[in-house]
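To start, the structure under review is shown below, and the notes come after it.
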Amino acid sequence: QVQVVESGGGLVQAGGSLRLSCAASGSLFMINAMGWYRQASGKQRELVADITNGGRTNYADSVKGRFTISRDNARNTVYLQMNSLKAEDTGVYYCNAYNQAVAYWGQGTQVTVSS
C-alpha cells in the first residue's frame, strides 16, 4: 500500500503563485511515477502534470510554461509550483502515485483563483 497526502492549496488572486506538496509513504518500491490532477466543479478530473522516477515530466497544454512539477526523492515528496495562476485553474488538486496496474490517490487540496 501507498499513501499520499497533499498540502499547500488555498485562495490566491489571478496572476499569483502557489506551491502544492505531495508526500508519499508506504511501499514506494511499487511506484513508477507520481502526478497531479485537478477537478473543477462540474468537470471531469484531468491530468495537470506527472513525473517519473527517472525525472521525466509531462504537462497538460493548459499549464505549460506556468506550472513546474518536481520531486525530492530524499523526502518522497513531489511538488507542483504554479505561477501566473488563472481563474480557470480553480479546482480540487489531487496527487497520485502509480504504476501500470494501480494508482493511489490523496484526498485533494482546494485551489481557488480569484479574478
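Chains: A, B, ... in order of the C-alpha cells. Residues: from 1 per chain. Ligands: from 1, in order shown.
Using only C-alpha atoms, the contacts of Val113 in chain A at a cut-off of 6 Å, with sequence neighbours closer than 2 positions omitted, comprise Leu11, Val12, Gln13, Ala14, Ala87 and Thr90 of chain A.
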Any idea what's packed within 6 Å of Thr109 in chain A, counting only C-alpha atoms, ignoring anything in its chain fewer than 5 positions away? Could you give it as an mmCIF file with all heavy atoms, in the first residue's frame?
data_model
loop_
_atom_site.group_PDB
_atom_site.id
_atom_site.type_symbol
_atom_site.label_atom_id
_atom_site.label_comp_id
_atom_site.auth_asym_id
_atom_site.auth_seq_id
_atom_site.Cartn_x
_atom_site.Cartn_y
_atom_site.Cartn_z
ATOM 1 N N GLY A 9 -2.766 24.015 -0.799
ATOM 2 C CA GLY A 9 -3.800 24.735 -1.525
ATOM 3 C C GLY A 9 -4.213 26.001 -0.795
ATOM 4 O O GLY A 9 -3.760 26.282 0.318
ATOM 5 N N VAL A 92 -10.135 21.279 -7.288
ATOM 6 C CA VAL A 92 -9.502 20.427 -6.290
ATOM 7 C C VAL A 92 -8.341 19.712 -6.979
ATOM 8 O O VAL A 92 -8.518 19.081 -8.017
ATOM 9 C CB VAL A 92 -10.485 19.406 -5.703
ATOM 10 C CG1 VAL A 92 -9.769 18.527 -4.680
ATOM 11 C CG2 VAL A 92 -11.671 20.116 -5.066
ATOM 12 N N TYR A 93 -7.178 19.827 -6.385
ATOM 13 C CA TYR A 93 -5.964 19.228 -6.945
ATOM 14 C C TYR A 93 -5.657 17.945 -6.177
ATOM 15 O O TYR A 93 -5.553 17.957 -4.949
ATOM 16 C CB TYR A 93 -4.810 20.206 -6.860
ATOM 17 C CG TYR A 93 -4.871 21.261 -7.940
ATOM 18 C CD1 TYR A 93 -5.884 22.222 -7.938
ATOM 19 C CD2 TYR A 93 -3.937 21.285 -8.977
ATOM 20 C CE1 TYR A 93 -5.956 23.174 -8.939
ATOM 21 C CE2 TYR A 93 -4.002 22.237 -9.981
ATOM 22 C CZ TYR A 93 -5.013 23.178 -9.954
ATOM 23 O OH TYR A 93 -5.087 24.121 -10.960
#
I'd like a table as a tab-separated table: residues in range 35-72 of chain A with an atom no more than 10 Å from range 21-27 of chain A, each row giving the shortest atom pair and its distance in Å to one decimal, only C-alpha atoms counted, sorted by chain and rising residue number.
residue	atom	partner	partner_atom	distance
A:Gly35	CA	A:Cys22	CA	9.1
A:Trp36	CA	A:Cys22	CA	8.8
A:Ile69	CA	A:Ser21	CA	9.9
A:Ser70	CA	A:Ser21	CA	9.7
A:Arg71	CA	A:Cys22	CA	9.2
A:Asp72	CA	A:Ala23	CA	9.6
Given the selection you just returned, output its residues as a file containing N, CA, C and O atoms, formatted as a PDB file, in the first residue's frame.
ATOM      1  N   GLY A  35       1.871  12.047  -9.951  1.00  0.00           N
ATOM      2  CA  GLY A  35       1.295  13.105 -10.766  1.00  0.00           C
ATOM      3  C   GLY A  35       0.301  13.948 -10.012  1.00  0.00           C
ATOM      4  O   GLY A  35      -0.095  13.625  -8.886  1.00  0.00           O
ATOM      5  N   TRP A  36      -0.055  15.023 -10.640  1.00  0.00           N
ATOM      6  CA  TRP A  36      -1.087  15.937 -10.133  1.00  0.00           C
ATOM      7  C   TRP A  36      -2.229  15.985 -11.135  1.00  0.00           C
ATOM      8  O   TRP A  36      -2.002  16.137 -12.343  1.00  0.00           O
ATOM      9  N   ILE A  69       6.503  20.729 -12.212  1.00  0.00           N
ATOM     10  CA  ILE A  69       6.466  19.606 -11.291  1.00  0.00           C
ATOM     11  C   ILE A  69       7.901  19.184 -10.998  1.00  0.00           C
ATOM     12  O   ILE A  69       8.757  19.190 -11.883  1.00  0.00           O
ATOM     13  N   SER A  70       8.156  18.852  -9.745  1.00  0.00           N
ATOM     14  CA  SER A  70       9.496  18.423  -9.350  1.00  0.00           C
ATOM     15  C   SER A  70       9.372  17.414  -8.219  1.00  0.00           C
ATOM     16  O   SER A  70       8.294  17.250  -7.643  1.00  0.00           O
ATOM     17  N   ARG A  71      10.485  16.768  -7.898  1.00  0.00           N
ATOM     18  CA  ARG A  71      10.424  15.783  -6.828  1.00  0.00           C
ATOM     19  C   ARG A  71      11.678  15.850  -5.978  1.00  0.00           C
ATOM     20  O   ARG A  71      12.766  16.171  -6.471  1.00  0.00           O
ATOM     21  N   ASP A  72      11.508  15.538  -4.707  1.00  0.00           N
ATOM     22  CA  ASP A  72      12.607  15.425  -3.759  1.00  0.00           C
ATOM     23  C   ASP A  72      12.606  13.969  -3.303  1.00  0.00           C
ATOM     24  O   ASP A  72      11.801  13.583  -2.457  1.00  0.00           O
TER      25      ASP A  72
END
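With only C-alpha atoms as the atoms that count, the residue of A:Tyr37, A:Asn96, A:Gly15, A:Phe29 with the shortest distance to Tyr59 in chain A is A:Tyr37.
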**Request:** Report the residues of chain A whose backbone DSSP state falls under strand (DSSP E or B), written as number ranges by chain.
**Result:** A: 2-7, 10-13, 18-26, 33-39, 46-52, 57-59, 67-72, 77-82, 91-98, 103-105, 109-114
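CA of Tyr104 in chain A is found 24.7 Å from CA of Lys64 in chain A.
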**Item:** Nearest to Arg45 in chain A, chosen from A:Arg19, A:Ser114, A:Gly91, A:Asn76, with only C-alpha atoms counted in the distances
**Value:**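 Going through A:Arg19, A:Ser114, A:Gly91, A:Asn76 one by one, the smallest distance to Arg45 in chain A is for A:Gly91.
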